[in-house]
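Before any comments, here is the structure.
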Amino acid sequence: MADLAAYGGLFLSAFLSATLLPGSSEALLTGLLLAGRGVPWLLLAAAVTGNVLGSLVNWVCGRFLTAFRDRKWFPVTPRRYEQATGWFERYGVWSLLLAWTPVFGDPLTVIAGALRVRLLPFLLLVTIGKLARYLFVFWLALSLSG
């Protein structure tokens, strides 16, 4: 039962970290791996799945809520929105490989929705980028544990 809580907690942390809410699922993944809690590959899967689904929420916000981007409650500031739009227009859909980056990655996924990036390419590129990041954290944590 304790492992189930580890997977669920990591999934939730990764999900929230991918939205515009602050979080640090990498630290939680590292801690769980170092503590020997759960099956390592299942922890990796929980982190990646939660983080990608959080990015999907951002995509949906961009796709359906950008008409409200001038409202205070809109999850991306006008400055970040313009930065992300400029970046996306300059580098195209491939920039979604960087959706894992702190500060800039979350607005990028909102912009992808706003600019009507198709769902399948969005999910594929975001998953590749986030998987690569979590694999690095996974490798580093397991290297530290000996």
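Scheme for the structure tokens: letters A, B, ... for chains in order shown; per-chain residue numbers from 1; ligand numbers from 1 in order shown.
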
For range 73-105 of chain A against range 6-28 of chain A, with a cut-off of 9 Å and counting only C-alpha atoms, what is the closest atom pair and its distance in Å to one decimal for every residue that makes the cut, ordered by chain and number, as a tab-separated table?
```
residue	atom	partner	partner_atom	distance
A:Pro75	CA	A:Leu20	CA	6.5
A:Val76	CA	A:Leu20	CA	7.7
A:Ala99	CA	A:Ala18	CA	8.8
A:Trp100	CA	A:Ala18	CA	7.8
A:Val103	CA	A:Leu20	CA	8.6
A:Gly105	CA	A:Ala18	CA	8.3
```

Give me a file of those residues, with N, CA and C atoms, as a PDB file, in the first residue's frame.
```pdb
ATOM      1  N   PRO A  75      -3.901  31.628 -16.698  1.00  0.00           N
ATOM      2  CA  PRO A  75      -2.689  31.075 -16.090  1.00  0.00           C
ATOM      3  C   PRO A  75      -1.356  31.549 -16.659  1.00  0.00           C
ATOM      4  N   VAL A  76      -1.351  32.326 -17.729  1.00  0.00           N
ATOM      5  CA  VAL A  76      -0.096  32.810 -18.312  1.00  0.00           C
ATOM      6  C   VAL A  76      -0.151  34.329 -18.378  1.00  0.00           C
ATOM      7  N   ALA A  99       9.372  21.452 -23.645  1.00  0.00           N
ATOM      8  CA  ALA A  99       8.250  21.722 -22.733  1.00  0.00           C
ATOM      9  C   ALA A  99       8.594  21.386 -21.289  1.00  0.00           C
ATOM     10  N   TRP A 100       9.664  20.685 -21.060  1.00  0.00           N
ATOM     11  CA  TRP A 100      10.089  20.302 -19.706  1.00  0.00           C
ATOM     12  C   TRP A 100      10.838  21.426 -18.993  1.00  0.00           C
ATOM     13  N   VAL A 103       9.939  27.418 -16.022  1.00  0.00           N
ATOM     14  CA  VAL A 103       9.428  28.764 -16.322  1.00  0.00           C
ATOM     15  C   VAL A 103       8.858  28.880 -17.734  1.00  0.00           C
ATOM     16  N   GLY A 105       8.564  26.303 -20.203  1.00  0.00           N
ATOM     17  CA  GLY A 105       7.911  25.136 -20.784  1.00  0.00           C
ATOM     18  C   GLY A 105       6.405  25.125 -20.631  1.00  0.00           C
TER      19      GLY A 105
END
```

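For the atom pair formed by CA of Leu29 in chain A and CA of Phe138 in chain A, the distance is 7.6 Å, given to one decimal.
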
Item to complete: Could you tell me which of A:Leu142, A:Leu119, A:Val137, A:Leu125 comes closest to Val60 in chain A if we count only C-alpha atoms?
Response: A:Leu119

Fill in: Separation of CA of Ala84 in chain A from CA of Phe104 in chain A in Å
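So the answer is 7.1 Å.
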
Worksheet entry | Among listed residues A:Leu120, A:Leu32, A:Trp41, A:Ala114, nearest Ala5 in chain A (using only C-alpha atoms) |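 Using only C-alpha atoms, the shortest distance to Ala5 in chain A belongs to A:Leu32.
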
Worksheet item: In terms of the shortest atom-to-atom distance over only C-alpha atoms, which of A:Trp94, A:Tyr81, A:Trp73, A:Phe122 is closest to Val57 in chain A?
Response: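 Ranking A:Trp94, A:Tyr81, A:Trp73, A:Phe122 by distance to Val57 in chain A, first place goes to A:Phe122.
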
Discussion item. Considering only helix (DSSP H, G or I) as DSSP defines it on the backbone, what residues of range 72-138 of chain A qualify? List them as a PyMOL selection string.
Written reply: chain A and resi 78-98+105-114+119-138

Write a file of the just-selected residues containing C-alpha atoms, as a PDB file, in the first residue's frame.
```
ATOM      1  CA  PRO A  78       0.739  38.578 -21.101  1.00  0.00           C
ATOM      2  CA  ARG A  79       4.551  38.867 -21.134  1.00  0.00           C
ATOM      3  CA  ARG A  80       5.086  35.081 -20.944  1.00  0.00           C
ATOM      4  CA  TYR A  81       2.349  34.564 -23.538  1.00  0.00           C
ATOM      5  CA  GLU A  82       4.101  36.871 -26.016  1.00  0.00           C
ATOM      6  CA  GLN A  83       7.509  35.301 -25.291  1.00  0.00           C
ATOM      7  CA  ALA A  84       6.186  31.797 -25.798  1.00  0.00           C
ATOM      8  CA  THR A  85       4.307  32.784 -28.964  1.00  0.00           C
ATOM      9  CA  GLY A  86       7.448  34.358 -30.419  1.00  0.00           C
ATOM     10  CA  TRP A  87       9.522  31.306 -29.514  1.00  0.00           C
ATOM     11  CA  PHE A  88       6.914  28.962 -30.970  1.00  0.00           C
ATOM     12  CA  GLU A  89       6.557  30.928 -34.185  1.00  0.00           C
ATOM     13  CA  ARG A  90      10.342  31.050 -34.567  1.00  0.00           C
ATOM     14  CA  TYR A  91      11.117  27.378 -33.841  1.00  0.00           C
ATOM     15  CA  GLY A  92       7.814  25.695 -34.637  1.00  0.00           C
ATOM     16  CA  VAL A  93       6.311  22.542 -33.244  1.00  0.00           C
ATOM     17  CA  TRP A  94       9.773  21.098 -32.472  1.00  0.00           C
ATOM     18  CA  SER A  95      10.079  23.595 -29.633  1.00  0.00           C
ATOM     19  CA  LEU A  96       7.688  21.318 -27.730  1.00  0.00           C
ATOM     20  CA  LEU A  97      10.674  19.072 -27.067  1.00  0.00           C
ATOM     21  CA  LEU A  98      11.602  21.795 -24.551  1.00  0.00           C
ATOM     22  CA  GLY A 105       7.911  25.136 -20.784  1.00  0.00           C
ATOM     23  CA  ASP A 106       4.469  25.538 -19.243  1.00  0.00           C
ATOM     24  CA  PRO A 107       3.519  28.666 -21.220  1.00  0.00           C
ATOM     25  CA  LEU A 108       4.847  26.921 -24.333  1.00  0.00           C
ATOM     26  CA  THR A 109       2.295  24.137 -23.917  1.00  0.00           C
ATOM     27  CA  VAL A 110      -0.492  26.713 -23.504  1.00  0.00           C
ATOM     28  CA  ILE A 111       0.659  28.447 -26.696  1.00  0.00           C
ATOM     29  CA  ALA A 112       0.648  25.123 -28.549  1.00  0.00           C
ATOM     30  CA  GLY A 113      -3.031  24.786 -27.716  1.00  0.00           C
ATOM     31  CA  ALA A 114      -3.752  28.398 -28.634  1.00  0.00           C
ATOM     32  CA  LEU A 119      -3.005  16.716 -30.327  1.00  0.00           C
ATOM     33  CA  LEU A 120      -0.987  13.707 -31.520  1.00  0.00           C
ATOM     34  CA  PRO A 121       2.186  15.643 -32.474  1.00  0.00           C
ATOM     35  CA  PHE A 122       1.816  17.659 -29.259  1.00  0.00           C
ATOM     36  CA  LEU A 123       1.642  14.541 -27.086  1.00  0.00           C
ATOM     37  CA  LEU A 124       4.466  12.816 -28.940  1.00  0.00           C
ATOM     38  CA  LEU A 125       6.930  15.716 -28.714  1.00  0.00           C
ATOM     39  CA  VAL A 126       6.046  16.662 -25.140  1.00  0.00           C
ATOM     40  CA  THR A 127       6.362  13.024 -24.050  1.00  0.00           C
ATOM     41  CA  ILE A 128       9.778  12.645 -25.701  1.00  0.00           C
ATOM     42  CA  GLY A 129      11.102  15.783 -23.994  1.00  0.00           C
ATOM     43  CA  LYS A 130       9.689  14.967 -20.581  1.00  0.00           C
ATOM     44  CA  LEU A 131      10.779  11.340 -20.776  1.00  0.00           C
ATOM     45  CA  ALA A 132      14.325  12.462 -21.590  1.00  0.00           C
ATOM     46  CA  ARG A 133      14.349  14.782 -18.577  1.00  0.00           C
ATOM     47  CA  TYR A 134      13.006  12.148 -16.181  1.00  0.00           C
ATOM     48  CA  LEU A 135      15.394   9.527 -17.586  1.00  0.00           C
ATOM     49  CA  PHE A 136      18.269  11.850 -16.742  1.00  0.00           C
ATOM     50  CA  VAL A 137      16.946  12.351 -13.189  1.00  0.00           C
ATOM     51  CA  PHE A 138      16.351   8.589 -12.940  1.00  0.00           C
TER      52      PHE A 138
END
```

Worksheet item: What is the CA of Arg63 in chain A-CA of Leu115 in chain A distance in Å, reported with one decimal?
Response: 7.3 Å
